[in-house]
Each structure stands twice: as structure tokens, then as C-alpha cells.
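Below is one structure; the comments refer to it alone.
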Amino acid sequence: MARVKGAMNTRKRHKRILKLAKGYRGAKSKQFRTAKQAVMKSGVYSYTGRKLKKRDFRRLWIARINAATRAHGLSYSKFMYGLKLAEVNVNRKMLAEMAVNDMDSFAGLVETAKAKIQ
């Protein structure tokens with residue numbers, strides 16, 4: 001059986017990793033071994049970052065909803081409880097958007113929540 005040399009596949013693999021490492025500082029963008037480590041680590045960071053972004057946006061939405069409901073004399077938790085009792089299913093992203101851009105309809109939701117609590 002003939003001997004198979006792996007130069008072509010190795011070069012392809014190295015080029016793929018070095019392309020991902022383009023723009024990294026120093027040897028991390030030039031040498032395969034360090035580039036591979038840097039690319040693997042950056043992949044971990046980007047995965048974690050995608051999870052953190054969701055967490056950060058949820059915190060932002062809750063802060064905006066809380067500020068808007070307190071202007072109407074209600075706390076965030078009581079507002080959300082009132083919406084749950086009223087069976088209003090609107091997610092926090094949309095509530096925050098309404099609190100910032102559509103104050104009138106948000107005020108209507110606050111009144112609905114207040115009515116269900118009392």
C-alpha cells in the first residue's frame with residue numbers, strides 16, 4: 001500500500017486557524033500553535049459573551065420598566081404581579097419598549113395591573 005502524506009490537509013487546517021486569528025497581536029496571529037490556543041480561548045469568550053448579553057439586556061429592560069412604573073406610583077414587582085393576575089402576556093422587552101416610546105399604552109397597562117391588585 002502506498003504511503004499517504006498529510007501536508008495538504010495540515011496546511012488547510014493551519015490556514016483555517018490562522019485566518020480566524022487574523023488581527024491578533026504578535027505571535028498569536030503568525031504561529032499556528034499559539035494561534036490555535038488564542039482561537040480556542042476566544043471561542044470560549046464569545047460563547048460566554050452571548051450568554052452575558054442576554055442577562056445584561058434583561059437587567060436593562062427591568063430597570064426601564066421599574067422606572068416607568070414608579071412614575072405611576074407602582075413598583076416593578078407589583079406591576080408584574082398585576083399583569084400576571086390580569087393575564088396580560090407581554091414580555092419584558094416589549095414592556096420596556098412601550099415604557100420608553102409609547103407612554104400612553106404603558107400607562108393603560110399600569111392601570112390594568114393596579115386594578116387587578118386591589
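Going through the C-alpha cells in order, the chains are called A, B, and so on, while each chain numbers its residues from 1 and the ligands are numbered from 1 in the order shown.
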Can you tell me, as a list of chain:residue names, what residues are no more than 7 Å from region 72-89 of chain A when counting only C-alpha atoms, ignoring any on the same chain fewer than 5 positions away?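 Surrounding residues, per the criterion: A:Ile65, A:Asn66, A:Val110, A:Ala113, A:Lys114, A:Lys116, A:Ile117.
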Emit the selected residues as a PDB file, in the first residue's frame, including N, CA, C and O atoms.
ATOM      1  N   ILE A  65     -38.515  49.331  32.971  1.00  0.00           N
ATOM      2  CA  ILE A  65     -39.903  49.095  33.392  1.00  0.00           C
ATOM      3  C   ILE A  65     -40.113  49.605  34.812  1.00  0.00           C
ATOM      4  O   ILE A  65     -41.130  50.252  35.114  1.00  0.00           O
ATOM      5  N   ASN A  66     -39.154  49.344  35.691  1.00  0.00           N
ATOM      6  CA  ASN A  66     -39.246  49.784  37.086  1.00  0.00           C
ATOM      7  C   ASN A  66     -39.327  51.308  37.164  1.00  0.00           C
ATOM      8  O   ASN A  66     -40.151  51.858  37.902  1.00  0.00           O
ATOM      9  N   VAL A 110     -50.399  49.861  33.293  1.00  0.00           N
ATOM     10  CA  VAL A 110     -50.194  50.100  34.726  1.00  0.00           C
ATOM     11  C   VAL A 110     -51.542  50.177  35.435  1.00  0.00           C
ATOM     12  O   VAL A 110     -51.721  49.603  36.523  1.00  0.00           O
ATOM     13  N   ALA A 113     -52.946  46.709  35.786  1.00  0.00           N
ATOM     14  CA  ALA A 113     -52.264  45.977  36.860  1.00  0.00           C
ATOM     15  C   ALA A 113     -52.740  46.461  38.235  1.00  0.00           C
ATOM     16  O   ALA A 113     -52.967  45.653  39.141  1.00  0.00           O
ATOM     17  N   LYS A 114     -52.883  47.781  38.389  1.00  0.00           N
ATOM     18  CA  LYS A 114     -53.347  48.350  39.671  1.00  0.00           C
ATOM     19  C   LYS A 114     -54.749  47.828  39.995  1.00  0.00           C
ATOM     20  O   LYS A 114     -55.041  47.494  41.150  1.00  0.00           O
ATOM     21  N   LYS A 116     -56.175  45.057  39.113  1.00  0.00           N
ATOM     22  CA  LYS A 116     -56.195  43.629  39.476  1.00  0.00           C
ATOM     23  C   LYS A 116     -55.605  43.386  40.854  1.00  0.00           C
ATOM     24  O   LYS A 116     -55.978  42.424  41.523  1.00  0.00           O
ATOM     25  N   ILE A 117     -54.651  44.217  41.272  1.00  0.00           N
ATOM     26  CA  ILE A 117     -54.035  44.036  42.593  1.00  0.00           C
ATOM     27  C   ILE A 117     -55.031  44.347  43.708  1.00  0.00           C
ATOM     28  O   ILE A 117     -55.120  43.652  44.698  1.00  0.00           O
TER      29      ILE A 117
END
Region 92-97 of chain A: which residues within 7 Å, counting only C-alpha atoms, same-chain residues fewer than 2 positions away excluded, as JSON, numbers by chain? {"A": [61, 62, 64, 65, 90, 99, 100, 101]}
Mind writing the picked residues with N, CA, C and O atoms as a PDB file, in the first residue's frame?
ATOM      1  N   TRP A  61     -33.938  46.021  30.627  1.00  0.00           N
ATOM      2  CA  TRP A  61     -35.383  46.103  30.458  1.00  0.00           C
ATOM      3  C   TRP A  61     -36.092  46.242  31.792  1.00  0.00           C
ATOM      4  O   TRP A  61     -37.015  47.047  31.945  1.00  0.00           O
ATOM      5  N   ILE A  62     -35.655  45.477  32.784  1.00  0.00           N
ATOM      6  CA  ILE A  62     -36.292  45.541  34.100  1.00  0.00           C
ATOM      7  C   ILE A  62     -36.086  46.915  34.727  1.00  0.00           C
ATOM      8  O   ILE A  62     -37.013  47.488  35.324  1.00  0.00           O
ATOM      9  N   ARG A  64     -35.733  49.766  33.151  1.00  0.00           N
ATOM     10  CA  ARG A  64     -36.600  50.720  32.440  1.00  0.00           C
ATOM     11  C   ARG A  64     -38.059  50.572  32.854  1.00  0.00           C
ATOM     12  O   ARG A  64     -38.758  51.568  33.064  1.00  0.00           O
ATOM     13  N   ILE A  65     -38.515  49.331  32.971  1.00  0.00           N
ATOM     14  CA  ILE A  65     -39.903  49.095  33.392  1.00  0.00           C
ATOM     15  C   ILE A  65     -40.113  49.605  34.812  1.00  0.00           C
ATOM     16  O   ILE A  65     -41.130  50.252  35.114  1.00  0.00           O
ATOM     17  N   VAL A  90     -47.143  39.941  28.078  1.00  0.00           N
ATOM     18  CA  VAL A  90     -46.251  40.774  27.277  1.00  0.00           C
ATOM     19  C   VAL A  90     -44.861  40.606  27.868  1.00  0.00           C
ATOM     20  O   VAL A  90     -44.679  40.727  29.085  1.00  0.00           O
ATOM     21  N   ALA A  99     -42.532  51.420  27.568  1.00  0.00           N
ATOM     22  CA  ALA A  99     -42.247  52.385  28.633  1.00  0.00           C
ATOM     23  C   ALA A  99     -41.454  53.569  28.100  1.00  0.00           C
ATOM     24  O   ALA A  99     -41.637  54.705  28.560  1.00  0.00           O
ATOM     25  N   VAL A 100     -40.592  53.331  27.119  1.00  0.00           N
ATOM     26  CA  VAL A 100     -39.759  54.400  26.572  1.00  0.00           C
ATOM     27  C   VAL A 100     -40.487  55.168  25.472  1.00  0.00           C
ATOM     28  O   VAL A 100     -40.480  56.404  25.459  1.00  0.00           O
ATOM     29  N   ASN A 101     -41.149  54.453  24.546  1.00  0.00           N
ATOM     30  CA  ASN A 101     -41.672  55.092  23.336  1.00  0.00           C
ATOM     31  C   ASN A 101     -43.177  55.315  23.313  1.00  0.00           C
ATOM     32  O   ASN A 101     -43.646  56.195  22.592  1.00  0.00           O
TER      33      ASN A 101
END
Taking the DSSP assignment computed from this structure's backbone, write out as a PyMOL selection string all residues of chain A that belong to helix (DSSP H, G or I). chain A and resi 7-20+26-29+32-71+76-85+92-101+103-117
Could you turn the residues from that selection into a file that holds C-alpha atoms, as a tab-separated table (two decimals), in the first residue's frame?
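After the write, selection_17.tsv holds the following:
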chain	number	residue	atom	x	y	z
A	7	ALA	CA	0.82	18.01	4.00
A	8	MET	CA	-2.20	19.28	2.10
A	9	ASN	CA	-4.67	18.64	4.91
A	10	THR	CA	-2.29	20.03	7.52
A	11	ARG	CA	-1.78	23.21	5.52
A	12	LYS	CA	-5.55	23.60	5.09
A	13	ARG	CA	-6.09	23.18	8.82
A	14	HIS	CA	-3.35	25.65	9.67
A	15	LYS	CA	-4.66	28.23	7.20
A	16	ARG	CA	-8.16	27.95	8.65
A	17	ILE	CA	-6.92	28.61	12.20
A	18	LEU	CA	-4.58	31.43	11.13
A	19	LYS	CA	-7.42	33.08	9.21
A	20	LEU	CA	-9.53	33.05	12.38
A	26	GLY	CA	2.10	39.28	17.94
A	27	ALA	CA	2.75	35.57	17.54
A	28	LYS	CA	-0.93	34.76	18.12
A	29	SER	CA	-1.64	35.69	14.51
A	32	PHE	CA	-0.03	28.00	14.44
A	33	ARG	CA	0.30	26.66	17.98
A	34	THR	CA	-0.27	29.98	19.74
A	35	ALA	CA	-2.95	30.96	17.21
A	36	LYS	CA	-4.81	27.73	17.89
A	37	GLN	CA	-4.79	28.40	21.64
A	38	ALA	CA	-5.91	32.01	21.12
A	39	VAL	CA	-8.75	30.99	18.77
A	40	MET	CA	-9.97	28.33	21.20
A	41	LYS	CA	-9.92	30.81	24.09
A	42	SER	CA	-11.67	33.49	22.04
A	43	GLY	CA	-14.36	30.96	21.18
A	44	VAL	CA	-14.95	30.38	24.88
A	45	TYR	CA	-15.13	34.13	25.48
A	46	SER	CA	-17.59	34.68	22.65
A	47	TYR	CA	-19.82	31.84	23.88
A	48	THR	CA	-19.82	33.32	27.39
A	49	GLY	CA	-20.38	36.79	25.98
A	50	ARG	CA	-23.51	35.70	24.15
A	51	LYS	CA	-24.96	34.43	27.42
A	52	LEU	CA	-23.95	37.58	29.32
A	53	LYS	CA	-25.53	39.80	26.67
A	54	LYS	CA	-28.93	38.22	27.27
A	55	ARG	CA	-28.51	38.71	31.02
A	56	ASP	CA	-27.47	42.36	30.61
A	57	PHE	CA	-30.38	43.19	28.32
A	58	ARG	CA	-32.88	41.63	30.73
A	59	ARG	CA	-31.44	43.79	33.55
A	60	LEU	CA	-31.77	46.88	31.34
A	61	TRP	CA	-35.38	46.10	30.46
A	62	ILE	CA	-36.29	45.54	34.10
A	63	ALA	CA	-34.63	48.83	35.12
A	64	ARG	CA	-36.60	50.72	32.44
A	65	ILE	CA	-39.90	49.09	33.39
A	66	ASN	CA	-39.25	49.78	37.09
A	67	ALA	CA	-38.51	53.47	36.42
A	68	ALA	CA	-41.67	53.85	34.34
A	69	THR	CA	-43.92	52.06	36.83
A	70	ARG	CA	-42.57	54.05	39.77
A	71	ALA	CA	-43.53	57.23	37.90
A	76	TYR	CA	-41.88	46.68	39.32
A	77	SER	CA	-42.76	43.53	41.24
A	78	LYS	CA	-46.33	44.66	41.95
A	79	PHE	CA	-46.73	45.71	38.32
A	80	MET	CA	-45.61	42.31	37.04
A	81	TYR	CA	-47.83	40.57	39.60
A	82	GLY	CA	-50.81	42.66	38.49
A	83	LEU	CA	-50.15	41.83	34.84
A	84	LYS	CA	-50.00	38.14	35.73
A	85	LEU	CA	-53.34	38.35	37.55
A	92	ARG	CA	-40.14	42.44	29.29
A	93	LYS	CA	-38.51	43.56	26.05
A	94	MET	CA	-41.83	44.86	24.72
A	95	LEU	CA	-42.79	46.38	28.07
A	96	ALA	CA	-39.50	48.29	28.17
A	97	GLU	CA	-40.04	49.47	24.59
A	98	MET	CA	-43.54	50.67	25.49
A	99	ALA	CA	-42.25	52.39	28.63
A	100	VAL	CA	-39.76	54.40	26.57
A	101	ASN	CA	-41.67	55.09	23.34
A	103	MET	CA	-46.18	56.11	27.39
A	104	ASP	CA	-49.98	56.18	26.93
A	105	SER	CA	-50.43	52.46	26.31
A	106	PHE	CA	-47.93	51.68	29.08
A	107	ALA	CA	-50.00	53.84	31.46
A	108	GLY	CA	-53.03	51.76	30.45
A	109	LEU	CA	-51.17	48.58	31.37
A	110	VAL	CA	-50.19	50.10	34.73
A	111	GLU	CA	-53.84	50.94	35.43
A	112	THR	CA	-54.85	47.39	34.47
A	113	ALA	CA	-52.26	45.98	36.86
A	114	LYS	CA	-53.35	48.35	39.67
A	115	ALA	CA	-56.98	47.34	39.22
A	116	LYS	CA	-56.19	43.63	39.48
A	117	ILE	CA	-54.03	44.04	42.59
